[in-house]
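Asker: To be precise about what I am sending: the file is called run33.cif and holds mmCIF, C-alpha atoms.
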```cif
data_coords
loop_
_atom_site.label_atom_id
_atom_site.label_comp_id
_atom_site.auth_asym_id
_atom_site.auth_seq_id
_atom_site.Cartn_x
_atom_site.Cartn_y
_atom_site.Cartn_z
CA MET A 1 35.22 55.16 146.00
CA LYS A 2 37.15 52.21 144.58
CA ILE A 3 40.73 51.92 143.30
CA LEU A 4 42.04 49.36 140.88
CA THR A 5 45.24 48.98 138.92
CA GLY A 6 46.66 47.34 135.85
CA ASN A 7 50.12 45.80 135.57
CA SER A 8 52.03 49.00 134.73
CA ASN A 9 53.02 50.19 138.21
CA ARG A 10 51.49 48.11 140.97
CA PRO A 11 53.89 49.37 143.70
CA LEU A 12 52.65 52.95 143.16
CA ALA A 13 49.02 51.78 143.24
CA GLU A 14 49.66 49.93 146.50
CA ALA A 15 51.32 53.03 147.99
CA ILE A 16 48.33 55.19 147.01
CA SER A 17 45.99 52.53 148.43
CA ALA A 18 47.91 52.60 151.74
CA TYR A 19 47.77 56.43 151.84
CA LEU A 20 44.00 56.40 151.35
CA ASN A 21 43.57 53.42 153.70
CA LEU A 22 41.48 51.80 150.98
CA PRO A 23 42.19 48.30 149.58
CA LEU A 24 42.71 47.78 145.87
CA THR A 25 39.66 46.37 144.12
CA LYS A 26 40.13 42.72 143.23
CA ALA A 27 40.54 42.32 139.49
CA SER A 28 42.37 40.14 136.98
CA VAL A 29 44.31 41.81 134.17
CA ARG A 30 45.89 39.07 132.10
CA ARG A 31 46.72 37.95 128.58
CA PHE A 32 45.40 35.26 126.29
CA SER A 33 48.00 33.10 124.52
CA ASP A 34 48.05 35.53 121.57
CA GLU A 35 48.70 38.48 123.98
CA GLU A 36 45.14 39.87 123.83
CA VAL A 37 44.32 41.77 127.02
CA PHE A 38 41.56 40.36 129.22
CA VAL A 39 40.14 42.15 132.28
CA GLU A 40 37.78 40.72 134.86
CA ILE A 41 36.64 42.71 137.92
CA HIS A 42 35.82 40.52 140.91
CA GLU A 43 33.88 43.06 142.97
CA ASN A 44 30.62 44.92 142.46
CA VAL A 45 31.31 48.44 141.11
CA ARG A 46 27.75 49.48 140.23
CA GLY A 47 27.25 53.13 141.16
CA GLU A 48 30.82 53.48 142.44
CA ASP A 49 33.36 56.26 141.88
CA VAL A 50 36.25 54.22 140.39
CA PHE A 51 39.89 55.28 139.87
CA ILE A 52 42.14 53.22 137.55
CA ILE A 53 45.85 53.72 138.27
CA GLN A 54 47.75 52.95 135.08
CA PRO A 55 50.73 54.97 133.80
CA THR A 56 51.24 54.23 130.09
CA SER A 57 55.00 53.68 130.28
CA TYR A 58 57.01 50.89 128.63
CA PRO A 59 55.59 48.72 127.13
CA THR A 60 53.44 51.72 126.19
CA ASN A 61 50.99 50.06 123.83
CA ASP A 62 50.33 47.10 126.15
CA ASN A 63 49.71 49.37 129.14
CA LEU A 64 47.49 51.68 127.09
CA MET A 65 45.37 48.72 125.94
CA GLU A 66 45.08 47.51 129.55
CA LEU A 67 43.77 50.95 130.52
CA LEU A 68 41.25 51.08 127.65
CA VAL A 69 39.94 47.55 128.24
CA THR A 70 39.63 48.19 131.99
CA ILE A 71 37.66 51.40 131.36
CA ASP A 72 35.33 49.48 129.05
CA ALA A 73 34.86 46.72 131.66
CA LEU A 74 33.94 49.32 134.29
CA LYS A 75 31.58 51.14 131.94
CA ARG A 76 29.75 47.91 131.18
CA SER A 77 29.61 47.19 134.93
CA SER A 78 27.66 50.42 135.56
CA ALA A 79 30.32 52.36 137.49
CA SER A 80 28.95 55.87 138.13
CA ARG A 81 32.23 57.67 137.35
CA ILE A 82 35.50 56.38 135.91
CA THR A 83 38.73 58.34 136.40
CA ALA A 84 41.82 57.31 134.47
CA VAL A 85 44.78 58.02 136.78
CA MET A 86 47.82 58.26 134.49
CA PRO A 87 50.86 59.43 136.49
CA TYR A 88 52.78 59.19 133.21
CA TYR A 89 50.92 59.99 129.98
CA GLY A 90 52.50 58.01 127.15
CA TYR A 91 52.71 59.63 123.69
CA ALA A 92 52.73 63.09 125.34
CA ARG A 93 55.80 64.14 123.33
CA GLN A 94 53.78 63.82 120.10
CA ASP A 95 51.62 66.83 120.93
CA ARG A 96 51.88 68.66 117.57
CA LYS A 97 52.81 68.15 113.93
CA SER A 98 56.59 68.44 114.11
CA SER A 99 56.95 67.97 110.34
CA PRO A 100 54.67 67.32 107.35
CA ARG A 101 52.63 64.09 107.31
CA THR A 102 53.15 63.22 111.00
CA PRO A 103 50.49 62.36 113.60
CA ILE A 104 49.42 64.14 116.76
CA SER A 105 49.41 60.94 118.78
CA ALA A 106 48.74 62.62 122.14
CA LYS A 107 45.36 63.72 120.75
CA LEU A 108 44.68 60.23 119.40
CA VAL A 109 45.30 58.73 122.85
CA ALA A 110 42.95 61.32 124.38
CA ASN A 111 40.25 60.30 121.89
CA LEU A 112 40.74 56.62 122.71
CA ILE A 113 40.43 57.20 126.47
CA GLN A 114 37.25 59.22 126.04
CA THR A 115 35.71 56.75 123.59
CA ALA A 116 36.47 53.86 125.95
CA GLY A 117 34.27 55.62 128.52
CA ALA A 118 36.45 57.57 130.96
CA ASP A 119 34.67 60.46 132.70
CA ARG A 120 37.79 62.16 134.02
CA VAL A 121 41.60 62.04 133.72
CA LEU A 122 44.20 62.64 136.42
CA THR A 123 47.83 62.93 135.32
CA MET A 124 51.07 64.61 136.37
CA ASP A 125 53.53 66.97 134.69
CA LEU A 126 52.27 66.67 131.13
CA HIS A 127 55.03 67.27 128.61
CA ALA A 128 52.88 70.05 127.15
CA GLY A 129 50.10 71.70 129.13
CA GLN A 130 47.91 72.07 126.06
CA ILE A 131 47.31 68.30 126.07
CA GLN A 132 44.64 69.06 128.68
CA GLY A 133 42.74 70.73 125.85
CA PHE A 134 42.81 67.51 123.81
CA PHE A 135 40.19 66.11 126.21
CA ASP A 136 36.52 67.09 126.31
CA ILE A 137 36.27 65.71 129.85
CA PRO A 138 37.72 67.21 133.07
CA THR A 139 41.51 66.71 133.17
CA ASP A 140 43.66 67.47 136.21
CA ASN A 141 47.39 67.93 135.63
CA LEU A 142 49.28 67.66 138.92
CA PHE A 143 52.78 69.08 139.46
CA ALA A 144 55.69 67.30 141.12
CA ALA A 145 57.17 70.67 142.19
CA PRO A 146 56.04 70.45 145.87
CA VAL A 147 57.58 66.96 146.18
CA PHE A 148 60.85 68.13 144.59
CA THR A 149 60.97 71.28 146.71
CA LYS A 150 60.56 69.37 149.95
CA ASP A 151 63.30 66.88 149.03
CA ILE A 152 65.71 69.63 147.95
CA GLN A 153 65.12 71.59 151.16
CA GLU A 154 65.80 68.50 153.27
CA ARG A 155 68.97 67.45 151.45
CA MET A 156 70.56 70.52 149.85
CA SER A 157 70.14 73.43 152.22
CA LYS A 158 73.82 74.40 152.29
CA GLY A 159 75.57 76.75 149.86
CA PRO A 160 74.34 78.90 146.95
CA LEU A 161 71.77 77.11 144.81
CA THR A 162 70.81 77.60 141.15
CA ILE A 163 67.88 75.85 139.46
CA VAL A 164 68.61 75.07 135.81
CA SER A 165 66.25 74.36 132.93
CA PRO A 166 67.92 72.00 130.39
CA ASP A 167 66.08 73.74 127.54
CA VAL A 168 64.01 76.83 126.84
CA GLY A 169 60.76 74.82 126.88
CA GLY A 170 61.20 73.87 130.55
CA VAL A 171 61.77 77.39 131.88
CA VAL A 172 58.29 77.73 133.44
CA ARG A 173 58.74 74.46 135.34
CA ALA A 174 62.22 75.40 136.58
CA ARG A 175 61.17 78.95 137.49
CA ALA A 176 58.32 77.64 139.67
CA ILE A 177 60.75 75.55 141.73
CA ALA A 178 63.35 78.34 141.88
CA LYS A 179 60.66 80.66 143.24
CA ARG A 180 59.67 78.15 145.93
CA LEU A 181 63.33 77.78 146.99
CA ASP A 182 64.25 81.45 146.55
CA ALA A 183 67.09 80.29 144.28
CA ASP A 184 68.65 81.70 141.12
CA LEU A 185 67.60 80.47 137.67
CA ALA A 186 69.76 79.48 134.70
CA ILE A 187 68.84 78.12 131.26
CA ILE A 188 70.66 75.80 128.89
CA ASP A 189 70.39 76.93 125.28
CA LYS A 190 70.74 73.85 123.09
CA ARG A 191 70.39 72.85 119.47
CA ARG A 192 68.88 69.46 118.66
CA GLU A 193 70.10 68.13 115.31
CA LYS A 194 67.83 65.07 115.35
CA ALA A 195 65.55 63.18 117.77
CA GLY A 196 67.44 61.80 120.75
CA VAL A 197 70.60 63.81 120.05
CA SER A 198 71.29 67.25 121.54
CA GLU A 199 74.23 69.64 121.64
CA VAL A 200 74.69 72.17 124.43
CA MET A 201 75.32 75.59 122.93
CA ASN A 202 75.26 78.15 125.72
CA ILE A 203 74.40 78.72 129.38
CA ILE A 204 72.19 81.70 130.16
CA GLY A 205 73.01 82.78 133.70
CA ASP A 206 76.01 82.64 136.05
CA VAL A 207 76.59 79.20 137.59
CA LYS A 208 80.19 79.60 138.75
CA GLY A 209 80.55 78.44 142.36
CA GLN A 210 76.91 77.37 142.45
CA ARG A 211 75.34 74.04 143.33
CA CYS A 212 73.15 73.41 140.27
CA ILE A 213 69.95 71.38 140.07
CA LEU A 214 68.57 70.49 136.65
CA ILE A 215 64.75 70.23 136.48
CA ASP A 216 62.98 68.33 133.70
CA ASP A 217 59.74 66.43 133.12
CA ILE A 218 60.80 63.44 130.98
CA VAL A 219 64.24 61.86 130.61
CA ASP A 220 64.44 59.20 127.91
CA SER A 221 67.93 58.74 126.44
CA ALA A 222 69.41 61.15 129.08
CA GLY A 223 71.69 62.68 126.42
CA THR A 224 70.43 66.23 126.99
CA LEU A 225 70.70 65.89 130.77
CA CYS A 226 74.25 64.51 130.73
CA ASN A 227 75.43 67.11 128.18
CA ALA A 228 73.90 69.85 130.32
CA ALA A 229 75.59 68.50 133.46
CA GLY A 230 78.96 68.50 131.69
CA ALA A 231 78.47 72.05 130.44
CA LEU A 232 77.54 73.27 133.93
CA LYS A 233 80.65 71.68 135.44
CA ASP A 234 82.79 73.25 132.71
CA ALA A 235 81.22 76.62 133.54
CA GLY A 236 82.34 76.35 137.17
CA ALA A 237 79.40 74.70 138.98
CA THR A 238 80.57 73.04 142.20
CA ALA A 239 78.08 70.15 141.90
CA VAL A 240 75.25 69.16 139.55
CA SER A 241 72.16 67.12 140.43
CA ALA A 242 68.91 66.56 138.53
CA TYR A 243 65.26 66.16 139.51
CA ILE A 244 62.92 64.70 136.89
CA THR A 245 59.29 63.64 137.01
CA HIS A 246 59.23 60.71 134.59
CA GLY A 247 62.26 58.42 134.32
CA VAL A 248 61.66 56.71 130.99
CA LEU A 249 65.42 55.92 130.76
CA SER A 250 65.38 53.71 127.67
CA GLY A 251 68.34 52.02 125.98
CA GLY A 252 71.69 52.96 127.52
CA ALA A 253 70.32 55.87 129.56
CA VAL A 254 71.13 54.39 132.98
CA ALA A 255 74.75 53.68 132.00
CA ARG A 256 75.00 57.18 130.54
CA VAL A 257 73.81 58.75 133.79
CA THR A 258 76.07 56.66 136.02
CA ALA A 259 79.08 57.68 133.92
CA SER A 260 78.09 61.38 133.80
CA PRO A 261 79.12 64.27 136.08
CA LEU A 262 75.67 64.10 137.73
CA GLU A 263 76.06 63.73 141.47
CA GLU A 264 72.51 62.41 141.74
CA LEU A 265 69.47 61.86 139.52
CA VAL A 266 66.24 61.95 141.51
CA MET A 267 62.98 60.86 139.87
CA THR A 268 59.43 60.19 140.98
CA ASP A 269 57.87 56.73 140.99
CA SER A 270 55.38 57.64 138.25
CA ILE A 271 57.17 54.91 136.25
CA GLN A 272 58.20 51.72 138.01
CA ALA A 273 61.98 51.57 138.42
CA THR A 274 63.91 48.88 136.60
CA GLU A 275 66.54 46.79 138.35
CA ALA A 276 69.27 48.86 136.66
CA VAL A 277 67.83 52.04 138.19
CA ARG A 278 67.50 50.47 141.63
CA VAL A 279 71.17 49.44 141.78
CA ALA A 280 72.64 52.60 140.19
CA HIS A 281 74.83 54.49 142.67
CA ASN A 282 73.63 57.96 141.68
CA MET A 283 69.90 57.38 141.02
CA ARG A 284 67.05 57.58 143.52
CA GLN A 285 63.24 57.54 143.45
CA ILE A 286 60.88 59.62 145.59
CA SER A 287 57.20 58.79 145.90
CA VAL A 288 54.31 60.85 144.59
CA ALA A 289 51.76 58.46 146.15
CA PRO A 290 50.66 60.98 148.83
CA LEU A 291 50.19 63.69 146.19
CA MET A 292 48.26 61.42 143.82
CA GLY A 293 46.25 59.91 146.67
CA GLU A 294 45.26 63.30 148.09
CA ALA A 295 44.19 64.49 144.63
CA MET A 296 42.06 61.36 144.19
CA ARG A 297 40.46 61.89 147.60
CA ARG A 298 39.64 65.50 146.74
CA ILE A 299 38.16 64.56 143.36
CA SER A 300 35.97 61.91 145.00
CA ASP A 301 34.84 64.38 147.71
CA GLU A 302 34.24 67.15 145.12
CA GLN A 303 36.90 69.38 146.71
CA SER A 304 39.52 71.66 145.17
CA VAL A 305 42.62 70.02 143.69
CA SER A 306 44.42 73.24 142.71
CA CYS A 307 44.82 74.28 146.38
CA LEU A 308 47.37 71.46 146.73
CA PHE A 309 49.84 73.76 144.90
CA ASP A 310 49.08 77.10 146.59
#
```
Take the structure in the file and give it back as structure tokens.

Answerer:
Amino acid sequence: MKILTGNSNRPLAEAISAYLNLPLTKASVRRFSDEEVFVEIHENVRGEDVFIIQPTSYPTNDNLMELLVTIDALKRSSASRITAVMPYYGYARQDRKSSPRTPISAKLVANLIQTAGADRVLTMDLHAGQIQGFFDIPTDNLFAAPVFTKDIQERMSKGPLTIVSPDVGGVVRARAIAKRLDADLAIIDKRREKAGVSEVMNIIGDVKGQRCILIDDIVDSAGTLCNAAGALKDAGATAVSAYITHGVLSGGAVARVTASPLEELVMTDSIQATEAVRVAHNMRQISVAPLMGEAMRRISDEQSVSCLFD
């Protein structure tokens, strides 16, 4: 078993490497003067079970190309099995035709990964579960729920607790965590007028006097999350926090969160934190390296991955 990484999230790769007590494979992932990606692997990988850790976060296209070129390099170096470990799957929000004459880019990315030569994909909290079906190779979709549950139990054990889904589409995710914590469930009913802009319409459930925790998979502009936090406070919630899997946080998202009623925004390290995130007073990262590392170990040893979530 060998692990290597691109430039997308080296700290996470190093944390996974430390968990598995396995050094990262020596490789160069660099650019030519015209920004072409060049990959050179400095160790023998013939017949090896190789895992490439590369979330396709910002800059999405550069990180995706690094992943594809690395897969091709490994394929041509006779690796026995290549697993693309994508803690964050870029383009996942384009999982269907949302209007006429638009692409299904999540499927296109799946095709590219397969064509490059990947034998397996390992990812976490896909925006839409059906993206697994876009691949014709084994695809494991991990869940951050156990990591969130443990952190919530350690930090927020006092007082009545309500888990809140910021939209109808995230109810299954929020319900799973509410069940683990034996907490109540509430849902934000919203209307989105255009991409990146949302308006809170109604709260389904009683949140008065409750400590509310919003659960979501991806936060980009953070508009929905901040609007939801404001609506919950207006409805009588004593405090509002949020747990999200992928902190994309583009544009003015960090400033929006720091100025919002959110007591704390907790996110995984599936995407490397920017300096703005690191210094924000109400933002914190928790690591999914043990979860990802254990899944990689089980895949390599041909053991069950699903039992991690029983």

Asker: Could you check the closest approach to Leu12 in chain A for each of A:Glu66, A:Gly252, A:Ala273, A:Ala295 and tell me which residue wins, using only C-alpha atoms?

Answerer: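 For Leu12 in chain A, the nearest of the given residues is A:Ala273.
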
Asker: Measuring atom to atom with only C-alpha atoms, identify which of A:Pro290, A:Gly133, A:Pro100, A:Gly6 is nearest to Phe38 in chain A.

Answerer: A:Gly6

Asker: To verify the selection step, state as a PyMOL selection string which residues the PyMOL selection byres ((chain A and resi 111-113) around 12) yields on this input.

Answerer: chain A and resi 52+56+64-72+82-86+89+104-110+114-122+131-137+139

Asker: What lies within 8 Å of range 262-264 of chain A using only C-alpha atoms, ignoring chain neighbours under 3 positions off, as a ChimeraX atom specification?

Answerer: /A:226,229,239-242,257-258,282-284

Asker: Do you have the CA of Phe51 in chain A-CA of Ile218 in chain A distance handy?

Answerer: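 A separation of 24.1 Å between them.
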
Asker: Grab the CA of Ile286 in chain A to CA of Thr245 in chain A distance for me, in Å with one decimal place.

Answerer: 9.6 Å

Asker: With the PyMOL selection byres ((chain A and resi 128) around 10) as the selection, what would be picked from this file? Answer as JSON, numbers by chain, please.

Answerer: {"A": [92, 93, 94, 95, 96, 106, 125, 126, 127, 129, 130, 131, 132, 169, 170, 217]}

Asker: So how many Å separate CA of Glu40 in chain A and CA of Gly293 in chain A, to one decimal?

Answerer: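 Distance between the two atoms: 24.1 Å.
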
Asker: (39.8, 61.1, 144.0) in this file's frame - what residues fall within 10 Å of it? Use all atoms listed in the file and give the answer as a PyMOL selection string.

Answerer: chain A and resi 1-3+20+49-51+83+85+122+292-303+305

Asker: Given the file shown, enumerate the residues that the PyMOL selection byres ((chain A and resi 30) around 10) captures and present them as a PDB file with C-alpha atoms, in the coordinates of the input.

Answerer:
```pdb
ATOM      1  CA  GLY A   6      46.660  47.340 135.850  1.00  0.00           C
ATOM      2  CA  ASN A   7      50.120  45.800 135.570  1.00  0.00           C
ATOM      3  CA  ALA A  27      40.540  42.320 139.490  1.00  0.00           C
ATOM      4  CA  SER A  28      42.370  40.140 136.980  1.00  0.00           C
ATOM      5  CA  VAL A  29      44.310  41.810 134.170  1.00  0.00           C
ATOM      6  CA  ARG A  31      46.720  37.950 128.580  1.00  0.00           C
ATOM      7  CA  PHE A  32      45.400  35.260 126.290  1.00  0.00           C
ATOM      8  CA  SER A  33      48.000  33.100 124.520  1.00  0.00           C
ATOM      9  CA  GLU A  35      48.700  38.480 123.980  1.00  0.00           C
ATOM     10  CA  GLU A  36      45.140  39.870 123.830  1.00  0.00           C
ATOM     11  CA  VAL A  37      44.320  41.770 127.020  1.00  0.00           C
ATOM     12  CA  PHE A  38      41.560  40.360 129.220  1.00  0.00           C
ATOM     13  CA  VAL A  39      40.140  42.150 132.280  1.00  0.00           C
ATOM     14  CA  GLU A  40      37.780  40.720 134.860  1.00  0.00           C
ATOM     15  CA  GLU A  66      45.080  47.510 129.550  1.00  0.00           C
TER      16      GLU A  66
END
```

Asker: Env of Gly251 in chain A: 10 Å cut, atoms = all atoms listed in the file, seq-sep filter 5 positions within chain, self excluded. Answer as an MDAnalysis selection string.

Answerer: chainID A and resid 220:222 256

Asker: Need the shell around Tyr58 in chain A: protein/DNA/RNA residues with any atom at most 10 Å away, counting all atoms listed in the file. Skip same-chain ones fewer than 6 positions apart. Format as a PDB file with C-alpha atoms, keeping the file's coordinate frame?

Answerer:
```pdb
ATOM      1  CA  SER A   8      52.030  49.000 134.730  1.00  0.00           C
ATOM      2  CA  LEU A  64      47.490  51.680 127.090  1.00  0.00           C
ATOM      3  CA  GLY A  90      52.500  58.010 127.150  1.00  0.00           C
ATOM      4  CA  VAL A 248      61.660  56.710 130.990  1.00  0.00           C
ATOM      5  CA  SER A 250      65.380  53.710 127.670  1.00  0.00           C
ATOM      6  CA  ILE A 271      57.170  54.910 136.250  1.00  0.00           C
ATOM      7  CA  GLN A 272      58.200  51.720 138.010  1.00  0.00           C
TER       8      GLN A 272
END
```

Asker: Residues near Ser77 in chain A, anyone? I mean within 9 Å using only C-alpha atoms, not counting same-chain ones fewer than 5 positions away, as an MDAnalysis selection string.

Answerer: chainID A and resid 41 44:47 72

Asker: A:Phe309, A:Tyr88, A:Phe148, A:Tyr19: which is nearest Asn63 in chain A, counting all atoms listed in the file?

Answerer: A:Tyr88

Asker: May I ask which of the residues A:Ser260, A:Thr238, A:Ser99, A:Thr268 is the closest one to Ala145 in chain A, counting all atoms listed in the file?

Answerer: A:Thr268

Asker: Counting all atoms listed in the file, figure out which residue out of A:Leu291, A:Leu74, A:Leu225, A:Asp34 gets nearest to Thr123 in chain A.

Answerer: A:Leu291

Asker: Using only C-alpha atoms, which protein or nucleic acid residues come within 10 Å of Pro166 in chain A? Drop anything in the same chain fewer than 3 positions from it, and give the result as a VMD selection string.

Answerer: chain A and resid 163 169 to 171 174 186 to 190 200 203 213 to 216 224 to 229 242

Asker: Can you rebuild range 126-157 of chain A with N, CA and C atoms and give it as a short mmCIF file (atom, residue, chain, number, x, y, z; two decimals), keeping the file's coordinate frame?

Answerer:
```
data_model
loop_
_atom_site.label_atom_id
_atom_site.label_comp_id
_atom_site.auth_asym_id
_atom_site.auth_seq_id
_atom_site.Cartn_x
_atom_site.Cartn_y
_atom_site.Cartn_z
N LEU A 126 52.38 66.91 132.57
CA LEU A 126 52.27 66.67 131.13
C LEU A 126 53.42 67.35 130.40
N HIS A 127 53.92 66.71 129.37
CA HIS A 127 55.03 67.27 128.61
C HIS A 127 54.65 68.63 128.03
N ALA A 128 53.40 68.77 127.65
CA ALA A 128 52.88 70.05 127.15
C ALA A 128 51.51 70.29 127.78
N GLY A 129 51.36 71.42 128.43
CA GLY A 129 50.10 71.70 129.13
C GLY A 129 48.88 71.69 128.24
N GLN A 130 49.07 71.99 126.95
CA GLN A 130 47.91 72.07 126.06
C GLN A 130 47.26 70.71 125.81
N ILE A 131 47.92 69.62 126.22
CA ILE A 131 47.31 68.30 126.07
C ILE A 131 46.01 68.22 126.87
N GLN A 132 45.90 69.00 127.94
CA GLN A 132 44.64 69.06 128.68
C GLN A 132 43.48 69.44 127.76
N GLY A 133 43.76 70.29 126.79
CA GLY A 133 42.74 70.73 125.85
C GLY A 133 42.37 69.69 124.81
N PHE A 134 43.14 68.60 124.73
CA PHE A 134 42.81 67.51 123.81
C PHE A 134 41.62 66.71 124.31
N PHE A 135 41.32 66.84 125.61
CA PHE A 135 40.19 66.11 126.21
C PHE A 135 38.96 67.00 126.27
N ASP A 136 37.80 66.39 126.11
CA ASP A 136 36.52 67.09 126.31
C ASP A 136 35.90 66.67 127.64
N ILE A 137 36.69 66.08 128.51
CA ILE A 137 36.27 65.71 129.85
C ILE A 137 37.22 66.39 130.84
N PRO A 138 36.83 66.55 132.11
CA PRO A 138 37.72 67.21 133.07
C PRO A 138 39.06 66.49 133.17
N THR A 139 40.16 67.27 133.12
CA THR A 139 41.51 66.71 133.17
C THR A 139 42.34 67.51 134.16
N ASP A 140 42.83 66.83 135.19
CA ASP A 140 43.66 67.47 136.21
C ASP A 140 45.11 67.11 135.97
N ASN A 141 45.95 68.13 135.84
CA ASN A 141 47.39 67.93 135.63
C ASN A 141 48.11 68.36 136.90
N LEU A 142 48.56 67.37 137.69
CA LEU A 142 49.28 67.66 138.92
C LEU A 142 50.73 68.04 138.62
N PHE A 143 51.38 68.67 139.60
CA PHE A 143 52.78 69.08 139.46
C PHE A 143 53.62 68.43 140.55
N ALA A 144 54.78 67.93 140.15
CA ALA A 144 55.69 67.30 141.12
C ALA A 144 56.50 68.33 141.90
N ALA A 145 56.36 69.61 141.57
CA ALA A 145 57.17 70.67 142.19
C ALA A 145 57.16 70.63 143.72
N PRO A 146 56.00 70.47 144.39
CA PRO A 146 56.04 70.45 145.87
C PRO A 146 56.86 69.29 146.42
N VAL A 147 56.81 68.13 145.75
CA VAL A 147 57.58 66.96 146.18
C VAL A 147 59.07 67.22 146.01
N PHE A 148 59.44 67.81 144.85
CA PHE A 148 60.85 68.13 144.59
C PHE A 148 61.35 69.16 145.60
N THR A 149 60.56 70.20 145.81
CA THR A 149 60.97 71.28 146.71
C THR A 149 61.26 70.77 148.11
N LYS A 150 60.37 69.92 148.61
CA LYS A 150 60.56 69.37 149.95
C LYS A 150 61.84 68.55 150.04
N ASP A 151 62.10 67.72 149.02
CA ASP A 151 63.30 66.88 149.03
C ASP A 151 64.57 67.72 148.94
N ILE A 152 64.54 68.75 148.10
CA ILE A 152 65.71 69.63 147.95
C ILE A 152 65.99 70.37 149.25
N GLN A 153 64.95 70.86 149.91
CA GLN A 153 65.12 71.59 151.16
C GLN A 153 65.71 70.70 152.25
N GLU A 154 65.31 69.42 152.24
CA GLU A 154 65.80 68.50 153.27
C GLU A 154 67.24 68.06 153.04
N ARG A 155 67.67 68.05 151.77
CA ARG A 155 68.97 67.45 151.45
C ARG A 155 70.03 68.45 150.97
N MET A 156 69.59 69.61 150.48
CA MET A 156 70.56 70.52 149.85
C MET A 156 70.40 71.94 150.35
N SER A 157 70.37 72.10 151.65
CA SER A 157 70.14 73.43 152.22
C SER A 157 71.40 74.28 152.31
#
```
